[in-house]
$ cat work34.tsv   # TSV, C-alpha atoms and all ligand atoms
chain	number	residue	atom	x	y	z
A	251	MET	CA	21.91	-18.39	0.17
A	252	THR	CA	20.47	-16.15	2.89
A	253	GLU	CA	23.68	-14.44	4.02
A	254	GLY	CA	23.54	-10.66	3.84
A	255	LYS	CA	19.81	-10.51	3.10
A	256	LYS	CA	18.37	-7.46	4.81
A	257	LEU	CA	14.78	-8.73	5.23
A	258	GLN	CA	15.31	-12.41	5.94
A	259	GLY	CA	12.24	-13.83	7.72
A	260	LYS	CA	10.30	-10.56	7.61
A	261	VAL	CA	6.62	-10.46	6.64
A	262	VAL	CA	5.56	-7.53	4.47
A	263	VAL	CA	2.18	-6.27	3.24
A	264	ILE	CA	2.24	-4.05	0.14
A	265	THR	CA	-1.06	-2.58	-1.05
A	266	GLY	CA	-1.13	-1.97	-4.79
A	267	GLY	CA	1.66	-4.40	-5.58
A	268	THR	CA	0.67	-5.44	-9.09
A	269	GLU	CA	2.64	-2.79	-10.98
A	270	GLY	CA	4.78	0.31	-10.66
A	271	ILE	CA	6.43	1.18	-7.35
A	272	GLY	CA	4.53	-1.50	-5.39
A	273	LEU	CA	5.60	-4.34	-7.69
A	274	ALA	CA	9.21	-3.13	-7.83
A	275	THR	CA	9.25	-2.97	-4.02
A	276	ALA	CA	7.74	-6.45	-3.71
A	277	GLU	CA	10.38	-7.89	-6.07
A	278	LEU	CA	13.20	-6.22	-4.15
A	279	PHE	CA	11.85	-7.24	-0.72
A	280	VAL	CA	11.49	-10.89	-1.79
A	281	LYS	CA	15.07	-10.82	-3.12
A	282	GLU	CA	16.09	-9.52	0.31
A	283	GLY	CA	14.48	-12.52	2.00
A	284	ALA	CA	11.00	-11.28	2.94
A	285	TYR	CA	7.65	-13.02	2.55
A	286	VAL	CA	5.39	-10.49	0.80
A	287	PHE	CA	1.62	-10.07	0.45
A	288	ILE	CA	0.58	-7.89	-2.47
A	289	THR	CA	-2.87	-6.52	-3.26
A	290	GLY	CA	-4.72	-4.93	-6.14
A	291	ARG	CA	-8.26	-4.69	-7.46
A	292	ARG	CA	-7.68	-6.55	-10.75
A	293	GLN	CA	-7.34	-10.32	-10.26
A	294	GLN	CA	-5.56	-10.96	-13.57
A	295	GLN	CA	-2.85	-8.35	-12.90
A	296	LEU	CA	-2.50	-9.75	-9.39
A	297	ASP	CA	-2.00	-13.28	-10.70
A	298	GLU	CA	0.56	-12.05	-13.26
A	299	ALA	CA	2.47	-10.11	-10.58
A	300	VAL	CA	2.56	-13.13	-8.25
A	301	LYS	CA	3.89	-15.23	-11.15
A	302	ALA	CA	6.50	-12.60	-12.05
A	303	ILE	CA	7.78	-12.38	-8.47
A	304	GLY	CA	8.01	-16.15	-8.46
A	305	GLY	CA	8.03	-17.20	-4.79
A	306	ASN	CA	7.59	-16.09	-1.19
A	307	VAL	CA	4.60	-14.04	-2.28
A	308	SER	CA	0.81	-14.21	-1.95
A	309	GLY	CA	-1.71	-12.10	-3.84
A	310	VAL	CA	-4.86	-11.02	-2.05
A	311	GLN	CA	-7.38	-9.32	-4.34
A	312	GLY	CA	-8.97	-6.24	-2.83
A	313	ASP	CA	-9.72	-2.53	-2.89
A	314	VAL	CA	-8.18	-0.43	-0.11
A	315	ALA	CA	-11.25	1.80	-0.20
A	316	LYS	CA	-13.37	-1.16	1.00
A	317	LEU	CA	-12.92	-1.96	4.66
A	318	ALA	CA	-14.23	-5.51	4.24
A	319	ASP	CA	-11.45	-6.13	1.70
A	320	LEU	CA	-8.82	-4.84	4.16
A	321	ASP	CA	-10.27	-7.10	6.86
A	322	ARG	CA	-10.01	-10.08	4.48
A	323	LEU	CA	-6.40	-9.15	3.65
A	324	TYR	CA	-5.31	-9.07	7.28
A	325	GLU	CA	-7.30	-12.22	8.12
A	326	THR	CA	-5.34	-13.98	5.38
A	327	VAL	CA	-2.04	-12.66	6.76
A	328	ALA	CA	-2.98	-13.67	10.31
A	329	LYS	CA	-3.97	-17.19	9.22
A	330	THR	CA	-0.85	-17.88	7.17
A	331	GLN	CA	2.07	-15.81	8.51
A	332	LYS	CA	0.58	-14.63	11.83
A	333	ARG	CA	2.42	-11.28	12.16
A	334	ILE	CA	3.60	-8.34	10.05
A	335	ASP	CA	6.98	-6.60	10.14
A	336	ILE	CA	6.45	-4.01	7.42
A	337	VAL	CA	3.30	-2.49	5.96
A	338	PHE	CA	3.74	-0.42	2.81
A	339	ALA	CA	0.54	1.58	2.17
A	340	ASN	CA	1.30	2.19	-1.47
A	341	ALA	CA	-2.03	1.79	-3.30
A	342	GLY	CA	-3.16	5.09	-4.71
A	343	VAL	CA	-4.35	6.89	-7.79
A	344	GLY	CA	-3.42	10.25	-9.27
A	345	GLU	CA	-6.00	11.97	-11.42
A	346	PHE	CA	-5.33	15.63	-11.91
A	347	VAL	CA	-8.11	17.94	-13.04
A	348	PRO	CA	-8.55	21.72	-12.89
A	349	LEU	CA	-10.43	22.95	-9.82
A	350	GLY	CA	-13.47	23.90	-11.88
A	351	ASP	CA	-13.81	20.34	-13.20
A	352	VAL	CA	-13.68	18.51	-9.84
A	353	THR	CA	-16.90	16.54	-9.39
A	354	GLU	CA	-18.29	14.86	-6.28
A	355	GLU	CA	-17.51	11.46	-7.87
A	356	HIS	CA	-13.90	12.46	-8.62
A	357	PHE	CA	-13.43	13.81	-5.07
A	358	ASP	CA	-14.95	10.72	-3.45
A	359	LYS	CA	-12.95	8.30	-5.60
A	360	LEU	CA	-9.59	9.94	-4.84
A	361	PHE	CA	-10.24	10.50	-1.15
A	362	ASN	CA	-11.70	7.02	-0.65
A	363	ILE	CA	-8.58	5.41	-2.10
A	364	ASN	CA	-5.75	7.80	-1.22
A	365	VAL	CA	-6.89	9.02	2.19
A	366	ARG	CA	-9.45	6.61	3.67
A	367	GLY	CA	-7.65	3.62	2.10
A	368	THR	CA	-4.25	4.68	3.42
A	369	LEU	CA	-5.55	5.36	6.94
A	370	PHE	CA	-7.45	2.07	7.29
A	371	THR	CA	-4.61	0.07	5.69
A	372	VAL	CA	-2.45	1.24	8.59
A	373	GLN	CA	-5.12	1.10	11.32
A	374	LYS	CA	-6.12	-2.47	10.51
A	375	ALA	CA	-2.46	-3.63	10.34
A	376	LEU	CA	-1.65	-2.41	13.85
A	377	PRO	CA	-2.92	-5.47	15.80
A	378	LEU	CA	-0.62	-7.71	13.74
A	379	LEU	CA	2.41	-5.44	13.64
A	380	ASN	CA	5.47	-6.66	15.49
A	381	ASP	CA	7.25	-4.33	17.91
A	382	GLY	CA	9.89	-2.44	15.95
A	383	GLY	CA	7.89	-2.89	12.75
A	384	SER	CA	7.75	-0.31	9.99
A	385	ILE	CA	4.88	1.59	8.41
A	386	ILE	CA	5.75	3.11	5.04
A	387	LEU	CA	3.32	5.47	3.32
A	388	ASN	CA	3.62	6.39	-0.33
A	389	GLY	CA	2.70	10.04	-0.81
A	390	SER	CA	3.47	12.68	-3.37
A	391	VAL	CA	5.27	15.95	-3.88
A	392	ALA	CA	1.93	17.25	-5.20
A	393	SER	CA	1.22	18.82	-1.80
A	394	VAL	CA	4.21	21.13	-2.01
A	395	LYS	CA	4.34	21.69	-5.77
A	396	GLY	CA	1.87	23.93	-7.53
A	397	LEU	CA	0.00	21.06	-9.16
A	398	PRO	CA	-3.76	20.88	-9.87
A	399	PRO	CA	-5.93	19.54	-7.04
A	400	SER	CA	-5.66	15.89	-6.12
A	401	ALA	CA	-6.00	13.81	-2.98
A	402	SER	CA	-2.23	13.53	-2.76
A	403	THR	CA	-2.08	16.45	-0.36
A	404	PRO	CA	-3.79	14.65	2.52
A	405	GLN	CA	-1.94	11.46	1.53
A	406	VAL	CA	1.29	13.35	2.20
A	407	ARG	CA	0.04	14.88	5.44
A	408	LEU	CA	-1.22	11.58	6.87
A	409	PRO	CA	2.27	10.44	7.93
A	410	SER	CA	2.60	13.10	10.61
A	411	ALA	CA	-0.88	12.33	11.95
A	412	LEU	CA	-0.40	8.57	11.90
A	413	SER	CA	3.07	8.66	13.43
A	414	CYS	CA	1.74	10.19	16.67
A	415	GLU	CA	-0.48	7.26	17.56
A	416	PRO	CA	1.47	3.96	17.55
A	417	GLY	CA	4.16	5.67	19.62
A	418	PRO	CA	7.47	4.04	20.50
A	419	ARG	CA	6.25	0.53	19.59
A	420	ILE	CA	6.97	1.13	15.88
B	1	LIG	N1	4.65	7.25	-10.04
B	1	LIG	C1	4.72	8.49	-9.60
B	1	LIG	O1	5.35	9.38	-10.21
B	1	LIG	C2	4.07	8.88	-8.31
B	1	LIG	C3	4.19	10.20	-7.88
B	1	LIG	C4	3.60	10.56	-6.69
B	1	LIG	C5	2.91	9.63	-5.94
B	1	LIG	N2	2.81	8.36	-6.36
B	1	LIG	C6	2.06	7.43	-5.52
B	1	LIG	O2	2.79	6.20	-5.41
B	1	LIG	C7	1.87	5.11	-5.36
B	1	LIG	C8	2.22	4.11	-6.46
B	1	LIG	O3	2.32	4.79	-7.68
B	1	LIG	P1	2.62	4.03	-9.04
B	1	LIG	O4	3.01	5.06	-10.04
B	1	LIG	O5	3.53	2.87	-8.80
B	1	LIG	O6	1.14	3.53	-9.40
B	1	LIG	P2	0.65	2.47	-10.51
B	1	LIG	O7	1.75	2.02	-11.38
B	1	LIG	O8	-0.56	3.10	-11.13
B	1	LIG	O9	0.18	1.24	-9.60
B	1	LIG	C9	-0.83	1.42	-8.66
B	1	LIG	C10	-1.04	0.12	-7.94
B	1	LIG	O10	-2.04	0.34	-6.94
B	1	LIG	C11	-3.13	-0.53	-7.18
B	1	LIG	N3	-4.33	0.16	-6.75
B	1	LIG	C12	-4.85	1.32	-7.21
B	1	LIG	N4	-5.98	1.61	-6.57
B	1	LIG	C13	-6.16	0.62	-5.65
B	1	LIG	C14	-7.16	0.35	-4.70
B	1	LIG	N5	-8.22	1.16	-4.55
B	1	LIG	N6	-7.03	-0.74	-3.93
B	1	LIG	C15	-5.98	-1.57	-4.07
B	1	LIG	N7	-5.01	-1.38	-4.97
B	1	LIG	C16	-5.12	-0.30	-5.77
B	1	LIG	C17	-3.09	-0.86	-8.67
B	1	LIG	O11	-3.74	-2.09	-8.98
B	1	LIG	P3	-5.31	-2.12	-9.40
B	1	LIG	O12	-5.52	-1.00	-10.36
B	1	LIG	O13	-5.51	-3.47	-9.98
B	1	LIG	O14	-6.07	-1.94	-8.13
B	1	LIG	C18	-1.58	-0.98	-8.85
B	1	LIG	O15	-1.11	-2.21	-8.37
B	1	LIG	C19	0.48	5.71	-5.51
B	1	LIG	O16	-0.08	5.89	-4.22
B	1	LIG	C20	0.74	7.06	-6.15
B	1	LIG	O17	-0.26	8.01	-5.82
B	1	LIG	C21	3.36	7.97	-7.53
$ encode --input "work34.tsv" --output "structure tokens"
Amino acid sequence: MTEGKKLQGKVVVITGGTEGIGLATAELFVKEGAYVFITGRRQQQLDEAVKAIGGNVSGVQGDVAKLADLDRLYETVAKTQKRIDIVFANAGVGEFVPLGDVTEEHFDKLFNINVRGTLFTVQKALPLLNDGGSIILNGSVASVKGLPPSASTPQVRLPSALSCEPGPRI
């Protein structure tokens, strides 16, 4: 029964789709008729998520902070489904610490995943993205609320920067 399904025939990439918002989105999108690729760093959680979703889904293990992993993700998409209609750059981590406790390692970890990972997830999807496709970024209200420092602020600001570039195609 495909009647009334909003995403029938659409191909979707969701980074960080093994739990939380990413998994819930993947489940909903598959119910709406899409074929979904989900990612995550932990293979076991990825396998469990693929099993839970049940069909029309592929899991591609990878870390959005590693460009080689993103290349492998999109090579897999290109080989099997050819094009992308929706990319949901959802993978991210929130680790709040007081300003005085921020270390170089903490800074690099959060920015590598939340900022670098989000930007390259989108950049590397562009060659496969169909005209009229959608790019969805998961950010946070942390940039406008008085919360302790985290890399959510640039994650929230990226949308305005990224939306300038692809132009009317998307
Ligand atoms: N939940 C909230 O209240 C809230 C509020 C503001 C913003 N957000 C943002 O919304 C997004 C999803 O949040 P959530 O609460 O659903 O998170 P979650 O339940 O912790 O799930 C995060 C997902 O992202 C994956 N992930 C994390 N780091 C990754 C990496 N480097 N590469 C690839 N996958 C990675 C995780 O799998 P692995 O660990 O196996 O990689 C997991 O599948 C995040 O970007 C978060 O910052 C959430």
$ closest_residue --input "work34.tsv" --among "A:Val261, A:Ala274, A:Ala299, A:Val314" --to "ligand LIG 1 (chain B)" --atoms "only C-alpha atoms and all ligand atoms"
A:Val314
$ closest_atom_pairs --input "work34.tsv" --of "chain A" --to "ligand LIG 1 (chain B)" --cutoff "10 Å" --atoms "only C-alpha atoms and all ligand atoms" --output "JSON lines"
{"residue": "A:Ile264", "atom": "CA", "partner": "B:LIG1", "partner_atom": "N7", "distance": 9.3}
{"residue": "A:Thr265", "atom": "CA", "partner": "B:LIG1", "partner_atom": "N7", "distance": 5.7}
{"residue": "A:Gly266", "atom": "CA", "partner": "B:LIG1", "partner_atom": "O10", "distance": 3.3}
{"residue": "A:Gly267", "atom": "CA", "partner": "B:LIG1", "partner_atom": "O15", "distance": 4.5}
{"residue": "A:Thr268", "atom": "CA", "partner": "B:LIG1", "partner_atom": "O15", "distance": 3.8}
{"residue": "A:Glu269", "atom": "CA", "partner": "B:LIG1", "partner_atom": "O15", "distance": 4.6}
{"residue": "A:Gly270", "atom": "CA", "partner": "B:LIG1", "partner_atom": "O5", "distance": 3.4}
{"residue": "A:Ile271", "atom": "CA", "partner": "B:LIG1", "partner_atom": "O5", "distance": 3.7}
{"residue": "A:Gly272", "atom": "CA", "partner": "B:LIG1", "partner_atom": "O5", "distance": 5.6}
{"residue": "A:Leu273", "atom": "CA", "partner": "B:LIG1", "partner_atom": "O15", "distance": 7.1}
{"residue": "A:Ala274", "atom": "CA", "partner": "B:LIG1", "partner_atom": "O5", "distance": 8.3}
{"residue": "A:Thr275", "atom": "CA", "partner": "B:LIG1", "partner_atom": "O5", "distance": 9.5}
{"residue": "A:Ile288", "atom": "CA", "partner": "B:LIG1", "partner_atom": "O15", "distance": 8.4}
{"residue": "A:Thr289", "atom": "CA", "partner": "B:LIG1", "partner_atom": "N7", "distance": 5.8}
{"residue": "A:Gly290", "atom": "CA", "partner": "B:LIG1", "partner_atom": "N7", "distance": 3.7}
{"residue": "A:Arg291", "atom": "CA", "partner": "B:LIG1", "partner_atom": "O14", "distance": 3.6}
{"residue": "A:Arg292", "atom": "CA", "partner": "B:LIG1", "partner_atom": "O13", "distance": 3.8}
{"residue": "A:Gln293", "atom": "CA", "partner": "B:LIG1", "partner_atom": "O13", "distance": 7.1}
{"residue": "A:Gln294", "atom": "CA", "partner": "B:LIG1", "partner_atom": "O13", "distance": 8.3}
{"residue": "A:Gln295", "atom": "CA", "partner": "B:LIG1", "partner_atom": "O13", "distance": 6.3}
{"residue": "A:Leu296", "atom": "CA", "partner": "B:LIG1", "partner_atom": "O13", "distance": 7.0}
{"residue": "A:Ala299", "atom": "CA", "partner": "B:LIG1", "partner_atom": "O15", "distance": 9.0}
{"residue": "A:Val310", "atom": "CA", "partner": "B:LIG1", "partner_atom": "C15", "distance": 9.7}
{"residue": "A:Gln311", "atom": "CA", "partner": "B:LIG1", "partner_atom": "C15", "distance": 7.9}
{"residue": "A:Gly312", "atom": "CA", "partner": "B:LIG1", "partner_atom": "C15", "distance": 5.7}
{"residue": "A:Asp313", "atom": "CA", "partner": "B:LIG1", "partner_atom": "N6", "distance": 3.4}
{"residue": "A:Val314", "atom": "CA", "partner": "B:LIG1", "partner_atom": "N6", "distance": 4.0}
{"residue": "A:Ala315", "atom": "CA", "partner": "B:LIG1", "partner_atom": "N5", "distance": 5.3}
{"residue": "A:Lys316", "atom": "CA", "partner": "B:LIG1", "partner_atom": "N5", "distance": 7.9}
{"residue": "A:Asp319", "atom": "CA", "partner": "B:LIG1", "partner_atom": "N6", "distance": 9.0}
{"residue": "A:Leu320", "atom": "CA", "partner": "B:LIG1", "partner_atom": "N6", "distance": 9.2}
{"residue": "A:Ala339", "atom": "CA", "partner": "B:LIG1", "partner_atom": "O16", "distance": 7.7}
{"residue": "A:Asn340", "atom": "CA", "partner": "B:LIG1", "partner_atom": "O16", "distance": 4.8}
{"residue": "A:Ala341", "atom": "CA", "partner": "B:LIG1", "partner_atom": "O10", "distance": 3.9}
{"residue": "A:Gly342", "atom": "CA", "partner": "B:LIG1", "partner_atom": "O16", "distance": 3.2}
{"residue": "A:Val343", "atom": "CA", "partner": "B:LIG1", "partner_atom": "O17", "distance": 4.7}
{"residue": "A:Gly344", "atom": "CA", "partner": "B:LIG1", "partner_atom": "O17", "distance": 5.2}
{"residue": "A:Glu345", "atom": "CA", "partner": "B:LIG1", "partner_atom": "O17", "distance": 8.9}
{"residue": "A:Lys359", "atom": "CA", "partner": "B:LIG1", "partner_atom": "N5", "distance": 8.6}
{"residue": "A:Leu360", "atom": "CA", "partner": "B:LIG1", "partner_atom": "N5", "distance": 8.9}
{"residue": "A:Asn362", "atom": "CA", "partner": "B:LIG1", "partner_atom": "N5", "distance": 7.9}
{"residue": "A:Ile363", "atom": "CA", "partner": "B:LIG1", "partner_atom": "N5", "distance": 4.9}
{"residue": "A:Asn364", "atom": "CA", "partner": "B:LIG1", "partner_atom": "O16", "distance": 6.7}
{"residue": "A:Val365", "atom": "CA", "partner": "B:LIG1", "partner_atom": "O16", "distance": 9.9}
{"residue": "A:Arg366", "atom": "CA", "partner": "B:LIG1", "partner_atom": "N5", "distance": 9.9}
{"residue": "A:Gly367", "atom": "CA", "partner": "B:LIG1", "partner_atom": "N5", "distance": 7.1}
{"residue": "A:Thr368", "atom": "CA", "partner": "B:LIG1", "partner_atom": "O16", "distance": 8.8}
{"residue": "A:Thr371", "atom": "CA", "partner": "B:LIG1", "partner_atom": "N6", "distance": 10.0}
{"residue": "A:Leu387", "atom": "CA", "partner": "B:LIG1", "partner_atom": "O16", "distance": 8.3}
{"residue": "A:Asn388", "atom": "CA", "partner": "B:LIG1", "partner_atom": "O2", "distance": 5.2}
{"residue": "A:Gly389", "atom": "CA", "partner": "B:LIG1", "partner_atom": "C5", "distance": 5.2}
{"residue": "A:Ser390", "atom": "CA", "partner": "B:LIG1", "partner_atom": "C4", "distance": 3.9}
{"residue": "A:Val391", "atom": "CA", "partner": "B:LIG1", "partner_atom": "C4", "distance": 6.3}
{"residue": "A:Ala392", "atom": "CA", "partner": "B:LIG1", "partner_atom": "C4", "distance": 7.1}
{"residue": "A:Ser393", "atom": "CA", "partner": "B:LIG1", "partner_atom": "C4", "distance": 9.9}
{"residue": "A:Ser400", "atom": "CA", "partner": "B:LIG1", "partner_atom": "O17", "distance": 9.6}
{"residue": "A:Ala401", "atom": "CA", "partner": "B:LIG1", "partner_atom": "O17", "distance": 8.6}
{"residue": "A:Ser402", "atom": "CA", "partner": "B:LIG1", "partner_atom": "O17", "distance": 6.6}
{"residue": "A:Gln405", "atom": "CA", "partner": "B:LIG1", "partner_atom": "O16", "distance": 8.2}
{"residue": "A:Val406", "atom": "CA", "partner": "B:LIG1", "partner_atom": "C5", "distance": 9.1}
$ atom_distance --input "work34.tsv" --atom1 "CA of Leu278 in chain A" --atom2 "CA of Leu257 in chain A"
9.8 Å
$ atom_distance --input "work34.tsv" --atom1 "CA of Glu325 in chain A" --atom2 "CA of Lys256 in chain A"
26.3 Å
$ atom_distance --input "work34.tsv" --atom1 "CA of Leu317 in chain A" --atom2 "CA of Phe361 in chain A"
14.0 Å
$ closest_residue --input "work34.tsv" --among "A:Gly382, A:Gly304, A:Gly283, A:Pro377" --to "Gly254 in chain A" --atoms "only C-alpha atoms"
A:Gly283
$ residues_around --input "work34.tsv" --residues "Ile385 in chain A" --least-positions-apart "6" --cutoff "8 Å" --atoms "only C-alpha atoms" --output "MDAnalysis selection string"
chainID A and resid 336:339 372 420
$ decode --input "work34.tsv" --residues "range 293-309 of chain A" --atoms "C-alpha atoms" --output "compact mmCIF listing (two decimals), in the first residue's frame"
# COMPACT_ATOMS: atom_id res chain seq x y z
CA GLN A 293 28.64 -1.31 14.39
CA GLN A 294 26.51 -3.25 16.88
CA GLN A 295 24.09 -0.35 17.44
CA LEU A 296 23.97 0.16 13.68
CA ASP A 297 23.07 -3.49 13.09
CA GLU A 298 20.39 -3.34 15.79
CA ALA A 299 18.90 -0.15 14.31
CA VAL A 300 18.80 -1.66 10.81
CA LYS A 301 17.03 -4.72 12.25
CA ALA A 302 14.56 -2.57 14.20
CA ILE A 303 13.66 -0.52 11.12
CA GLY A 304 13.13 -3.77 9.27
CA GLY A 305 13.39 -2.92 5.56
CA ASN A 306 14.25 -0.28 2.98
CA VAL A 307 17.27 0.64 5.06
CA SER A 308 21.05 0.22 4.86
CA GLY A 309 23.54 0.86 7.66
